[in-house]
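Structure data (compact mmCIF, C-alpha atoms and all ligand atoms) from start-v7.txt:
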# COMPACT_ATOMS: atom_id res chain seq x y z
CA GLY A 135 25.35 -25.67 12.95
CA GLN A 136 24.85 -22.77 10.63
CA CYS A 137 21.32 -21.85 9.61
CA VAL A 138 19.79 -19.25 7.37
CA THR A 139 16.37 -17.86 8.07
CA HIS A 140 13.59 -16.69 5.77
CA CYS A 141 11.51 -14.19 7.64
CA PRO A 142 8.56 -13.03 5.57
CA THR A 143 8.12 -9.99 7.81
CA GLY A 144 11.67 -8.70 8.01
CA ALA A 145 13.87 -10.02 10.78
CA LEU A 146 16.12 -7.02 10.29
CA HIS A 147 13.59 -4.79 12.01
CA GLU A 148 13.18 -6.93 15.10
CA ARG A 149 12.16 -4.96 18.16
CA ASP A 150 13.79 -6.03 21.42
CA ASP A 151 11.22 -6.56 24.19
CA THR A 152 13.46 -8.21 26.76
CA ALA A 153 13.59 -5.08 28.97
CA ALA A 154 9.82 -5.24 29.61
CA VAL A 155 10.16 -8.86 30.69
CA ARG A 156 13.11 -8.10 32.97
CA ARG A 157 11.09 -5.33 34.64
CA ALA A 158 8.13 -7.68 35.18
CA LEU A 159 10.38 -10.37 36.67
CA ALA A 160 11.67 -7.82 39.18
CA ASP A 161 8.18 -6.56 40.10
CA PRO A 162 6.53 -8.56 42.93
CA GLU A 163 3.10 -7.16 41.95
CA THR A 164 3.21 -8.80 38.51
CA THR A 165 2.53 -12.49 37.97
CA THR A 166 4.67 -13.58 35.05
CA ILE A 167 3.15 -16.37 32.96
CA ILE A 168 5.24 -17.67 30.12
CA GLN A 169 4.23 -19.91 27.20
CA VAL A 170 6.74 -21.56 24.91
CA ALA A 171 5.87 -22.30 21.27
CA PRO A 172 6.48 -25.80 19.85
CA ALA A 173 9.39 -24.85 17.56
CA VAL A 174 11.32 -22.99 20.30
CA ARG A 175 12.14 -26.18 22.22
CA VAL A 176 14.17 -27.59 19.33
CA ALA A 177 16.15 -24.39 18.72
CA TRP A 178 16.79 -22.51 22.00
CA ALA A 179 19.90 -24.50 22.87
CA GLU A 180 21.59 -23.68 19.55
CA GLY A 181 22.49 -20.32 21.04
CA MET A 182 23.54 -21.70 24.43
CA GLY A 183 26.40 -23.94 23.38
CA LEU A 184 24.62 -27.13 24.47
CA SER A 185 24.78 -30.43 22.67
CA GLU A 186 21.67 -32.00 21.14
CA THR A 187 21.24 -34.40 24.05
CA GLU A 188 21.39 -31.54 26.55
CA MET A 189 18.80 -29.38 24.78
CA SER A 190 15.69 -31.07 26.17
CA THR A 191 12.38 -29.31 26.66
CA GLU A 192 12.56 -30.11 30.40
CA LYS A 193 15.96 -28.44 30.68
CA MET A 194 14.53 -25.31 29.07
CA VAL A 195 11.63 -25.34 31.55
CA GLY A 196 14.10 -25.71 34.43
CA ILE A 197 16.02 -22.66 33.22
CA LEU A 198 12.84 -20.58 32.83
CA LYS A 199 11.83 -21.47 36.40
CA ALA A 200 15.29 -20.57 37.69
CA MET A 201 14.96 -17.22 35.90
CA GLY A 202 11.97 -16.49 38.13
CA PHE A 203 8.90 -16.87 35.92
CA ASP A 204 5.92 -17.61 38.17
CA TYR A 205 4.25 -20.07 35.78
CA VAL A 206 5.91 -21.88 32.90
CA PHE A 207 3.23 -23.17 30.53
CA ASP A 208 3.18 -24.68 27.07
CA THR A 209 1.76 -23.25 23.83
CA ASN A 210 1.28 -26.91 22.86
CA PHE A 211 -1.66 -27.03 25.28
CA ALA A 212 -3.29 -24.27 23.24
CA ALA A 213 -2.33 -26.04 20.03
CA ASP A 214 -4.41 -29.03 21.15
CA LEU A 215 -7.23 -26.63 21.97
CA THR A 216 -6.88 -25.02 18.53
CA ILE A 217 -7.23 -28.44 16.92
CA LEU A 218 -10.52 -29.15 18.70
CA GLU A 219 -11.95 -25.81 17.59
CA GLU A 220 -10.51 -25.92 14.07
CA GLY A 221 -11.32 -29.59 13.47
CA SER A 222 -14.90 -28.93 14.63
CA GLU A 223 -15.11 -25.85 12.42
CA LEU A 224 -13.95 -27.84 9.39
CA LEU A 225 -16.60 -30.50 10.01
CA GLU A 226 -19.27 -27.90 10.53
CA ARG A 227 -18.38 -26.18 7.26
CA LEU A 228 -18.33 -29.53 5.45
CA GLN A 229 -21.85 -30.24 6.75
CA ASP A 230 -23.09 -27.02 5.18
CA LYS A 231 -20.91 -26.80 2.09
CA GLU A 232 -23.04 -24.36 0.13
CA SER A 233 -22.76 -21.60 2.75
CA HIS A 234 -18.99 -21.52 2.65
CA GLN A 235 -16.08 -20.51 0.59
CA TRP A 236 -13.54 -23.22 -0.12
CA PRO A 237 -11.00 -24.40 0.76
CA MET A 238 -10.87 -23.67 4.50
CA PHE A 239 -7.46 -22.17 5.29
CA THR A 240 -5.55 -22.41 8.58
CA SER A 241 -5.25 -19.14 10.49
CA CYS A 242 -2.39 -19.72 12.94
CA CYS A 243 0.40 -18.02 10.92
CA PRO A 244 -0.10 -14.22 11.11
CA ALA A 245 2.22 -13.56 8.14
CA TRP A 246 0.03 -15.82 5.99
CA VAL A 247 -3.19 -14.26 7.31
CA LYS A 248 -1.86 -10.80 6.43
CA PHE A 249 -0.76 -12.01 2.99
CA LEU A 250 -4.18 -13.49 2.21
CA LYS A 251 -6.06 -10.41 3.43
CA GLN A 252 -3.89 -8.08 1.36
CA GLN A 253 -3.33 -10.14 -1.80
CA TYR A 254 -6.45 -12.30 -2.00
CA PRO A 255 -9.16 -10.45 -0.04
CA LEU A 256 -11.89 -12.33 -1.89
CA PHE A 257 -10.85 -15.39 0.12
CA ASN A 258 -11.21 -13.71 3.54
CA ASP A 259 -14.17 -15.84 4.54
CA ALA A 260 -12.31 -19.01 3.68
CA LEU A 261 -9.91 -18.43 6.58
CA SER A 262 -10.69 -20.43 9.68
CA THR A 263 -11.98 -18.13 12.41
CA VAL A 264 -9.89 -19.77 15.15
CA LYS A 265 -7.29 -17.70 16.94
CA SER A 266 -3.73 -19.01 16.83
CA PRO A 267 -2.45 -21.13 19.73
CA GLN A 268 -0.49 -18.12 21.04
CA GLN A 269 -3.68 -16.06 21.28
CA MET A 270 -5.87 -18.89 22.59
CA PHE A 271 -3.33 -19.46 25.34
CA GLY A 272 -3.62 -15.83 26.47
CA ALA A 273 -7.43 -15.85 26.28
CA VAL A 274 -7.65 -18.99 28.45
CA THR A 275 -5.00 -17.76 30.90
CA LYS A 276 -6.78 -14.47 31.55
CA SER A 277 -10.17 -16.12 32.04
CA TYR A 278 -10.11 -19.78 33.11
CA PHE A 279 -6.69 -19.76 34.78
CA SER A 280 -7.44 -16.42 36.44
CA ASP A 281 -10.70 -17.90 37.81
CA THR A 282 -9.12 -21.10 39.11
CA SER A 283 -5.95 -19.49 40.52
CA GLY A 284 -7.56 -16.32 41.88
CA ILE A 285 -4.93 -14.16 40.17
CA ASP A 286 -6.25 -10.81 38.90
CA PRO A 287 -5.90 -10.89 35.09
CA HIS A 288 -4.88 -7.21 35.09
CA LYS A 289 -1.85 -8.14 37.21
CA MET A 290 -0.78 -10.95 34.90
CA MET A 291 1.87 -10.50 32.29
CA VAL A 292 1.40 -13.18 29.63
CA ILE A 293 4.69 -13.61 27.81
CA SER A 294 5.15 -15.74 24.69
CA ILE A 295 8.36 -17.20 23.39
CA MET A 296 7.87 -17.55 19.65
CA PRO A 297 10.04 -18.62 16.69
CA CYS A 298 8.51 -15.72 14.81
CA ILE A 299 8.70 -11.96 14.19
CA ALA A 300 5.11 -11.70 12.92
CA LYS A 301 3.82 -13.01 16.27
CA LYS A 302 5.10 -9.78 17.87
CA GLU A 303 2.27 -7.90 16.15
CA GLU A 304 -0.44 -10.59 16.16
CA ASN A 305 -1.45 -9.75 19.74
CA LYS A 306 -2.59 -6.27 18.65
CA LEU A 307 -4.91 -7.41 15.84
CA GLU A 308 -8.66 -6.96 16.05
CA ASN A 309 -10.53 -9.16 18.55
CA MET A 310 -7.36 -10.40 20.26
CA ARG A 311 -8.62 -9.26 23.66
CA SER A 312 -9.60 -11.35 26.62
CA ALA A 313 -12.84 -11.22 28.57
CA CYS A 314 -11.15 -8.85 31.07
CA GLY A 315 -10.60 -6.28 28.30
CA ASP A 316 -6.81 -6.62 28.26
CA LEU A 317 -4.80 -8.05 25.41
CA ASP A 318 -4.71 -11.86 25.38
CA VAL A 319 -0.91 -11.75 25.23
CA ASP A 320 1.18 -8.90 26.62
CA VAL A 321 4.74 -9.41 25.41
CA ILE A 322 6.22 -11.62 22.71
CA LEU A 323 9.88 -12.57 22.62
CA THR A 324 11.56 -14.43 19.78
CA THR A 325 13.75 -17.46 20.41
CA ARG A 326 16.73 -15.15 19.84
CA GLU A 327 15.51 -12.74 22.52
CA LEU A 328 14.97 -15.65 24.91
CA ILE A 329 18.60 -16.66 24.42
CA ARG A 330 19.69 -13.05 25.10
CA LEU A 331 17.55 -12.96 28.23
CA MET A 332 18.91 -16.30 29.49
CA LYS A 333 22.43 -14.97 29.05
CA ALA A 334 21.65 -11.60 30.66
CA GLN A 335 20.15 -13.27 33.75
CA HIS A 336 23.45 -15.12 34.30
CA VAL A 337 21.78 -18.43 35.02
CA ASN A 338 24.33 -21.21 35.40
CA ILE A 339 22.64 -23.68 33.09
CA ASN A 340 24.92 -26.57 33.99
CA GLN A 341 23.59 -26.54 37.54
CA ILE A 342 19.92 -26.48 36.61
CA ASP A 343 17.73 -29.57 36.84
CA SER A 344 15.21 -30.54 34.22
CA GLN A 345 11.62 -29.78 35.20
CA PRO A 346 8.13 -30.41 33.83
CA PHE A 347 5.79 -27.63 32.69
CA ASP A 348 3.35 -26.30 35.30
CA SER A 349 -0.27 -27.40 35.17
CA PRO A 350 -2.96 -27.13 33.98
CA LEU A 351 -1.86 -25.22 30.86
CA GLY A 352 1.33 -27.23 30.50
CA SER A 353 0.04 -30.60 29.34
CA SER A 354 -0.03 -31.45 25.68
CA THR A 355 0.02 -34.28 23.18
CA GLY A 356 2.17 -35.27 20.23
CA ALA A 357 -0.45 -33.59 18.04
CA GLY A 358 0.25 -30.25 19.74
CA VAL A 359 4.01 -30.22 19.31
CA ILE A 360 3.94 -30.81 15.53
CA PHE A 361 2.33 -27.38 14.99
CA GLY A 362 5.94 -26.22 14.70
CA ALA A 363 6.62 -28.21 11.51
CA SER A 364 5.08 -27.91 8.05
CA GLY A 365 2.17 -30.38 7.82
CA GLY A 366 1.77 -30.60 11.59
CA VAL A 367 -1.44 -28.62 11.92
CA MET A 368 -2.97 -30.65 9.09
CA ASP A 369 -1.83 -33.97 10.55
CA ALA A 370 -3.13 -33.08 14.03
CA ALA A 371 -6.43 -31.74 12.67
CA LEU A 372 -7.04 -34.88 10.58
CA ARG A 373 -6.38 -37.14 13.59
CA SER A 374 -9.10 -35.32 15.53
CA ALA A 375 -11.51 -34.78 12.60
CA TYR A 376 -11.39 -38.54 11.98
CA TYR A 377 -12.24 -39.20 15.62
CA LEU A 378 -15.04 -36.65 15.66
CA ILE A 379 -16.65 -38.31 12.63
CA GLU A 380 -15.99 -41.97 13.38
CA GLY A 381 -16.02 -41.98 17.19
CA LYS A 382 -12.72 -43.90 17.13
CA ASN A 383 -9.12 -43.09 16.34
CA ALA A 384 -7.25 -43.62 13.10
CA ASP A 385 -3.63 -44.72 13.47
CA ALA A 386 -1.65 -41.65 14.60
CA ASP A 387 0.55 -42.04 11.52
CA ALA A 388 -2.31 -42.54 9.06
CA PHE A 389 -1.90 -39.02 7.64
CA ASN A 390 1.90 -38.95 7.46
CA VAL A 391 2.11 -38.06 3.76
CA VAL A 392 1.49 -34.40 4.71
CA ARG A 393 4.81 -34.33 6.62
CA GLY A 394 8.21 -33.25 5.37
CA ILE A 395 9.95 -30.21 3.98
CA LYS A 396 8.42 -30.15 0.46
CA GLY A 397 6.92 -26.72 -0.28
CA TRP A 398 3.55 -27.87 -1.69
CA LYS A 399 2.08 -31.23 -0.63
CA GLU A 400 -1.31 -32.67 -1.56
CA ALA A 401 -3.29 -35.69 -0.38
CA THR A 402 -6.79 -37.13 -0.42
CA PHE A 403 -7.94 -39.11 2.61
CA THR A 404 -11.04 -41.24 2.98
CA ILE A 405 -12.94 -41.08 6.23
CA PRO A 406 -15.36 -44.03 6.00
CA SER A 407 -18.55 -42.42 7.40
CA PHE A 408 -17.91 -39.17 5.62
CA GLY A 409 -16.16 -39.64 2.30
CA GLN A 410 -13.09 -37.98 0.85
CA ILE A 411 -11.23 -34.97 2.21
CA ARG A 412 -8.81 -33.26 -0.17
CA VAL A 413 -6.00 -31.39 1.57
CA ALA A 414 -2.92 -29.37 0.72
CA VAL A 415 -0.01 -28.14 2.83
CA VAL A 416 2.19 -25.29 1.65
CA SER A 417 5.05 -23.44 3.28
CA GLY A 418 6.87 -20.36 2.02
CA LEU A 419 4.96 -17.39 0.61
CA GLY A 420 6.07 -18.21 -2.94
CA ASN A 421 4.31 -21.56 -2.69
CA ALA A 422 1.32 -19.91 -1.01
CA LYS A 423 1.04 -17.52 -3.96
CA ALA A 424 1.28 -20.35 -6.49
CA LEU A 425 -1.44 -22.27 -4.64
CA MET A 426 -3.71 -19.22 -4.45
CA GLU A 427 -3.30 -18.63 -8.19
CA ALA A 428 -4.17 -22.27 -8.91
CA VAL A 429 -7.19 -22.18 -6.59
CA SER A 430 -8.37 -18.83 -8.01
CA LYS A 431 -8.21 -20.18 -11.55
CA GLY A 432 -9.98 -23.39 -10.63
CA GLU A 433 -6.88 -25.44 -11.45
CA ALA A 434 -6.74 -26.89 -7.93
CA ALA A 435 -9.52 -27.69 -5.47
CA TYR A 436 -9.23 -28.67 -1.83
CA ASP A 437 -11.31 -28.88 1.33
CA PHE A 438 -8.63 -27.85 3.82
CA VAL A 439 -5.28 -26.12 3.31
CA GLU A 440 -2.48 -25.47 5.80
CA VAL A 441 -0.29 -22.48 5.01
CA MET A 442 2.87 -21.39 6.82
CA ALA A 443 4.77 -18.35 5.57
CA CYS A 444 8.22 -19.70 6.46
CA PRO A 445 9.66 -22.57 4.40
CA GLY A 446 9.34 -25.72 6.51
CA GLY A 447 6.97 -23.98 8.94
CA CYS A 448 7.77 -22.34 12.29
CA ALA A 449 10.82 -24.56 12.87
CA GLY A 450 12.55 -22.31 10.33
CA GLY A 451 10.83 -19.14 11.57
CA GLY A 452 12.34 -15.68 11.42
CA GLY A 453 12.76 -15.46 15.20
CA GLN A 454 14.90 -18.59 15.48
CA PRO A 455 18.67 -18.54 15.92
CA ILE A 456 20.36 -17.58 12.65
CA HIS A 457 23.52 -19.27 11.48
CA GLU A 458 25.09 -18.39 8.18
CA ALA A 459 24.61 -20.60 5.13
CA MET A 460 22.70 -23.50 6.63
CA GLU A 461 19.05 -24.49 6.62
CA CYS A 462 17.79 -25.73 9.99
CA ALA A 463 14.03 -26.00 9.38
CA GLU A 464 14.16 -29.62 8.29
CA ALA A 465 16.36 -30.89 11.11
CA ARG A 466 14.35 -29.00 13.74
CA GLY A 467 11.11 -30.24 12.17
CA GLU A 468 12.33 -33.84 12.39
CA GLN A 469 12.99 -33.31 16.11
CA LEU A 470 9.36 -32.23 16.53
CA TRP A 471 8.04 -35.29 14.67
CA LEU A 472 10.24 -37.42 16.93
CA ILE A 473 8.76 -35.81 20.06
CA ASP A 474 5.30 -36.65 18.65
CA GLN A 475 6.28 -40.25 17.95
CA ARG A 476 7.54 -40.68 21.51
CA ALA A 477 4.58 -38.94 23.17
CA ALA A 478 2.34 -41.06 25.38
CA ILE A 479 -0.72 -39.36 23.89
CA ARG A 480 -0.84 -38.35 20.22
CA TYR A 481 -4.37 -37.02 19.76
CA SER A 482 -5.48 -33.51 20.76
CA HIS A 483 -8.93 -34.81 21.75
CA GLU A 484 -7.26 -37.00 24.39
CA ASN A 485 -5.58 -34.09 26.18
CA GLU A 486 -7.18 -34.44 29.64
CA ALA A 487 -6.42 -30.85 30.64
CA VAL A 488 -8.12 -29.56 27.49
CA LEU A 489 -11.17 -31.79 28.08
CA THR A 490 -11.36 -30.52 31.66
CA LEU A 491 -11.24 -26.96 30.34
CA TYR A 492 -14.26 -27.72 28.14
CA ARG A 493 -16.14 -29.54 30.92
CA ASP A 494 -15.54 -26.93 33.62
CA PHE A 495 -15.43 -23.71 31.70
CA LEU A 496 -15.79 -23.49 27.92
CA GLY A 497 -18.70 -25.86 27.33
CA LYS A 498 -18.37 -27.42 23.89
CA PRO A 499 -16.20 -26.69 20.85
CA LEU A 500 -17.75 -23.87 18.79
CA GLY A 501 -20.13 -23.15 21.69
CA ALA A 502 -20.89 -19.53 22.63
CA LYS A 503 -18.14 -19.18 25.23
CA ALA A 504 -15.54 -21.00 23.17
CA HIS A 505 -16.41 -18.83 20.22
CA ALA A 506 -16.21 -15.57 22.14
CA LEU A 507 -12.80 -16.40 23.61
CA LEU A 508 -11.12 -18.48 20.94
CA HIS A 509 -12.32 -17.15 17.59
CA THR A 510 -11.73 -13.85 15.80
CA ASP A 511 -15.17 -13.19 14.32
CA GLU A 512 -17.49 -11.38 16.69
CA ASN A 513 -20.81 -11.82 14.92
CA TRP A 514 -20.54 -15.48 14.23
CA HIS A 515 -24.01 -16.40 15.47
CA HIS A 516 -25.58 -14.18 12.82
CA LYS A 517 -23.99 -16.13 10.02
CA ALA A 518 -25.56 -18.97 8.11
CA ALA A 519 -22.15 -20.50 8.65
CA TYR A 520 -23.04 -21.65 12.12
CA LYS A 521 -26.54 -22.99 11.58
CA SER A 522 -25.56 -26.58 11.86
CA GLN A 523 -26.37 -27.09 15.54
CA GLU A 524 -26.89 -30.83 15.13
CA MET A 525 -23.29 -31.20 14.05
CA VAL A 526 -22.08 -29.14 17.00
CA LYS A 527 -24.03 -31.42 19.32
CA ALA A 528 -22.52 -34.50 17.71
CA ILE A 529 -19.06 -33.03 18.14
CA ALA A 530 -19.69 -32.24 21.80
CA ILE A 531 -20.96 -35.78 22.45
CA ASN A 532 -17.92 -37.38 20.86
CA ILE A 533 -15.64 -35.20 22.94
CA ALA A 534 -17.45 -35.90 26.20
FE1 LIG B 1 5.70 -17.05 12.20
FE2 LIG B 1 5.52 -19.69 11.91
FE3 LIG B 1 4.25 -18.05 10.24
FE4 LIG B 1 6.89 -18.19 10.14
S1 LIG B 1 5.45 -19.88 9.68
S2 LIG B 1 5.66 -16.32 10.09
S3 LIG B 1 7.38 -18.52 12.29
S4 LIG B 1 3.84 -18.30 12.43

Kindly transcribe the structure held in the file into structure tokens.
Amino acid sequence: GQCVTHCPTGALHERDDTAAVRRALADPETTTIIQVAPAVRVAWAEGMGLSETEMSTEKMVGILKAMGFDYVFDTNFAADLTILEEGSELLERLQDKESHQWPMFTSCCPAWVKFLKQQYPLFNDALSTVKSPQQMFGAVTKSYFSDTSGIDPHKMMVISIMPCIAKKEENKLENMRSACGDLDVDVILTTRELIRLMKAQHVNINQIDSQPFDSPLGSSTGAGVIFGASGGVMDAALRSAYYLIEGKNADADAFNVVRGIKGWKEATFTIPSFGQIRVAVVSGLGNAKALMEAVSKGEAAYDFVEVMACPGGCAGGGGQPIHEAMECAEARGEQLWLIDQRAAIRYSHENEAVLTLYRDFLGKPLGAKAHALLHTDENWHHKAAYKSQEMVKAIAINIA
């Protein structure tokens, strides 16, 4: 197919980082740890001449292993982790409404975060403090995974494959460092660079078997994979927020009106023990601007808003394969929703590997360690924002 791309940060200036990855693969002293973003798995094969049935996630993992990466992990794991932190943060803010600015905005798209900080700085505090899945993955790899595997974090190279140009700079933003002092993520390649690298390594893809992701940072749920499509973060967050409040799951498709390619979606959901939650989902910076104007003027009011800079979300990201005169965001997004529908587990709070991470290492969502590693604000404990300890306890109990 032929797709056009809408990169809000300028795909024309893409820097090629494949040489650094090739050097690391050839260096026996470096442990190469790769994470693959949700939207990459439904686009990588477009550049490899494979049919839709051949372009499975497991085939991609098999190729990455054949290329010599030491560990092939999944950003979806970190997406589930993001949901537990962000869902808990939303509930905590809702418990203490007066201390916060509304609505709470998602923080996983760096182009959107930059846009808000530059164009609407008065709303800075309304941004969720959670790091993006890419950054959480690096923070957990260089602490928890380093501890459990015995690999020196300074000898790790954490490599991300992202559908995105803006992600190439996100790793250098403030507070994106791990406990070891190094950057959470070392090198970021776009889907297009991954395709170039696969071709340069001369891997015979027809002879490669499908393989699963490595563990423990390779397991994920249907709620993790939909981060790559507009509405996915909202849908996944609502599934877990509902559970955290009610102690039982809503139907995994209960929040499906937030899905789809439309640029500005709105919905109000009722969570019985809590009341109503008003949400909006926008994609494309034009829609983000329109929403911000409406919110600024008091013409629209929400509790939680998902914003993605690229129309349709990361599926149509600026780092994805580009084909002339055709939109691919919608078709790729539908593939992601399909993966979710077929997943054995569809709730982030049921990801066993994430729960083990909390039990053995992080403690509870929004706890001190989780906050230090997974959030961007350093002085959080000084803020009235985090007074609501009772709520945090309730969250931790529901998760355990
Ligand atoms: Fe990157 Fe996704 Fe944001 Fe586009 S929507 S800029 S691909 S994070």

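Counting from CA of Lys306 in chain A, the distance to CA of Ser294 in chain A is 13.6 Å.
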
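The closest residue to ligand LIG 1 (chain B), picked from A:Leu491, A:Ala435, A:Val337, A:Met296 and counting all atoms listed in the file, is A:Met296.
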
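In this model, the gap between CA of Ala160 in chain A and CA of Asp204 in chain A comes to 11.4 Å.
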
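Nearest to Leu472 in chain A of all the residues A:Gly356, A:Pro287, A:Pro244, A:Pro346 is A:Gly356, based on all atoms listed in the file.
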
Within 9 Å of ligand LIG 1 (chain B) (counting all atoms listed in the file), which residues show up? I'd like them as a PDB file with C-alpha atoms, in the coordinates of the input.
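Produced file part.pdb, reproduced below:
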ATOM      1  CA  HIS A 140      13.590 -16.690   5.770  1.00  0.00           C
ATOM      2  CA  CYS A 141      11.510 -14.190   7.640  1.00  0.00           C
ATOM      3  CA  PRO A 142       8.560 -13.030   5.570  1.00  0.00           C
ATOM      4  CA  THR A 143       8.120  -9.990   7.810  1.00  0.00           C
ATOM      5  CA  ALA A 173       9.390 -24.850  17.560  1.00  0.00           C
ATOM      6  CA  CYS A 242      -2.390 -19.720  12.940  1.00  0.00           C
ATOM      7  CA  CYS A 243       0.400 -18.020  10.920  1.00  0.00           C
ATOM      8  CA  PRO A 244      -0.100 -14.220  11.110  1.00  0.00           C
ATOM      9  CA  ALA A 245       2.220 -13.560   8.140  1.00  0.00           C
ATOM     10  CA  TRP A 246       0.030 -15.820   5.990  1.00  0.00           C
ATOM     11  CA  VAL A 247      -3.190 -14.260   7.310  1.00  0.00           C
ATOM     12  CA  SER A 266      -3.730 -19.010  16.830  1.00  0.00           C
ATOM     13  CA  MET A 296       7.870 -17.550  19.650  1.00  0.00           C
ATOM     14  CA  PRO A 297      10.040 -18.620  16.690  1.00  0.00           C
ATOM     15  CA  CYS A 298       8.510 -15.720  14.810  1.00  0.00           C
ATOM     16  CA  ILE A 299       8.700 -11.960  14.190  1.00  0.00           C
ATOM     17  CA  ALA A 300       5.110 -11.700  12.920  1.00  0.00           C
ATOM     18  CA  LYS A 301       3.820 -13.010  16.270  1.00  0.00           C
ATOM     19  CA  PHE A 361       2.330 -27.380  14.990  1.00  0.00           C
ATOM     20  CA  GLY A 362       5.940 -26.220  14.700  1.00  0.00           C
ATOM     21  CA  ALA A 363       6.620 -28.210  11.510  1.00  0.00           C
ATOM     22  CA  SER A 364       5.080 -27.910   8.050  1.00  0.00           C
ATOM     23  CA  SER A 417       5.050 -23.440   3.280  1.00  0.00           C
ATOM     24  CA  GLY A 418       6.870 -20.360   2.020  1.00  0.00           C
ATOM     25  CA  VAL A 441      -0.290 -22.480   5.010  1.00  0.00           C
ATOM     26  CA  MET A 442       2.870 -21.390   6.820  1.00  0.00           C
ATOM     27  CA  ALA A 443       4.770 -18.350   5.570  1.00  0.00           C
ATOM     28  CA  CYS A 444       8.220 -19.700   6.460  1.00  0.00           C
ATOM     29  CA  PRO A 445       9.660 -22.570   4.400  1.00  0.00           C
ATOM     30  CA  GLY A 446       9.340 -25.720   6.510  1.00  0.00           C
ATOM     31  CA  GLY A 447       6.970 -23.980   8.940  1.00  0.00           C
ATOM     32  CA  CYS A 448       7.770 -22.340  12.290  1.00  0.00           C
ATOM     33  CA  ALA A 449      10.820 -24.560  12.870  1.00  0.00           C
ATOM     34  CA  GLY A 450      12.550 -22.310  10.330  1.00  0.00           C
ATOM     35  CA  GLY A 451      10.830 -19.140  11.570  1.00  0.00           C
ATOM     36  CA  GLY A 452      12.340 -15.680  11.420  1.00  0.00           C
ATOM     37  CA  GLY A 453      12.760 -15.460  15.200  1.00  0.00           C
ATOM     38  CA  GLN A 454      14.900 -18.590  15.480  1.00  0.00           C
TER      39      GLN A 454
END

Using only C-alpha atoms: which of A:Leu500, A:Val392, A:Leu331, A:Leu228 has the shortest distance to Phe408 in chain A:
A:Leu228
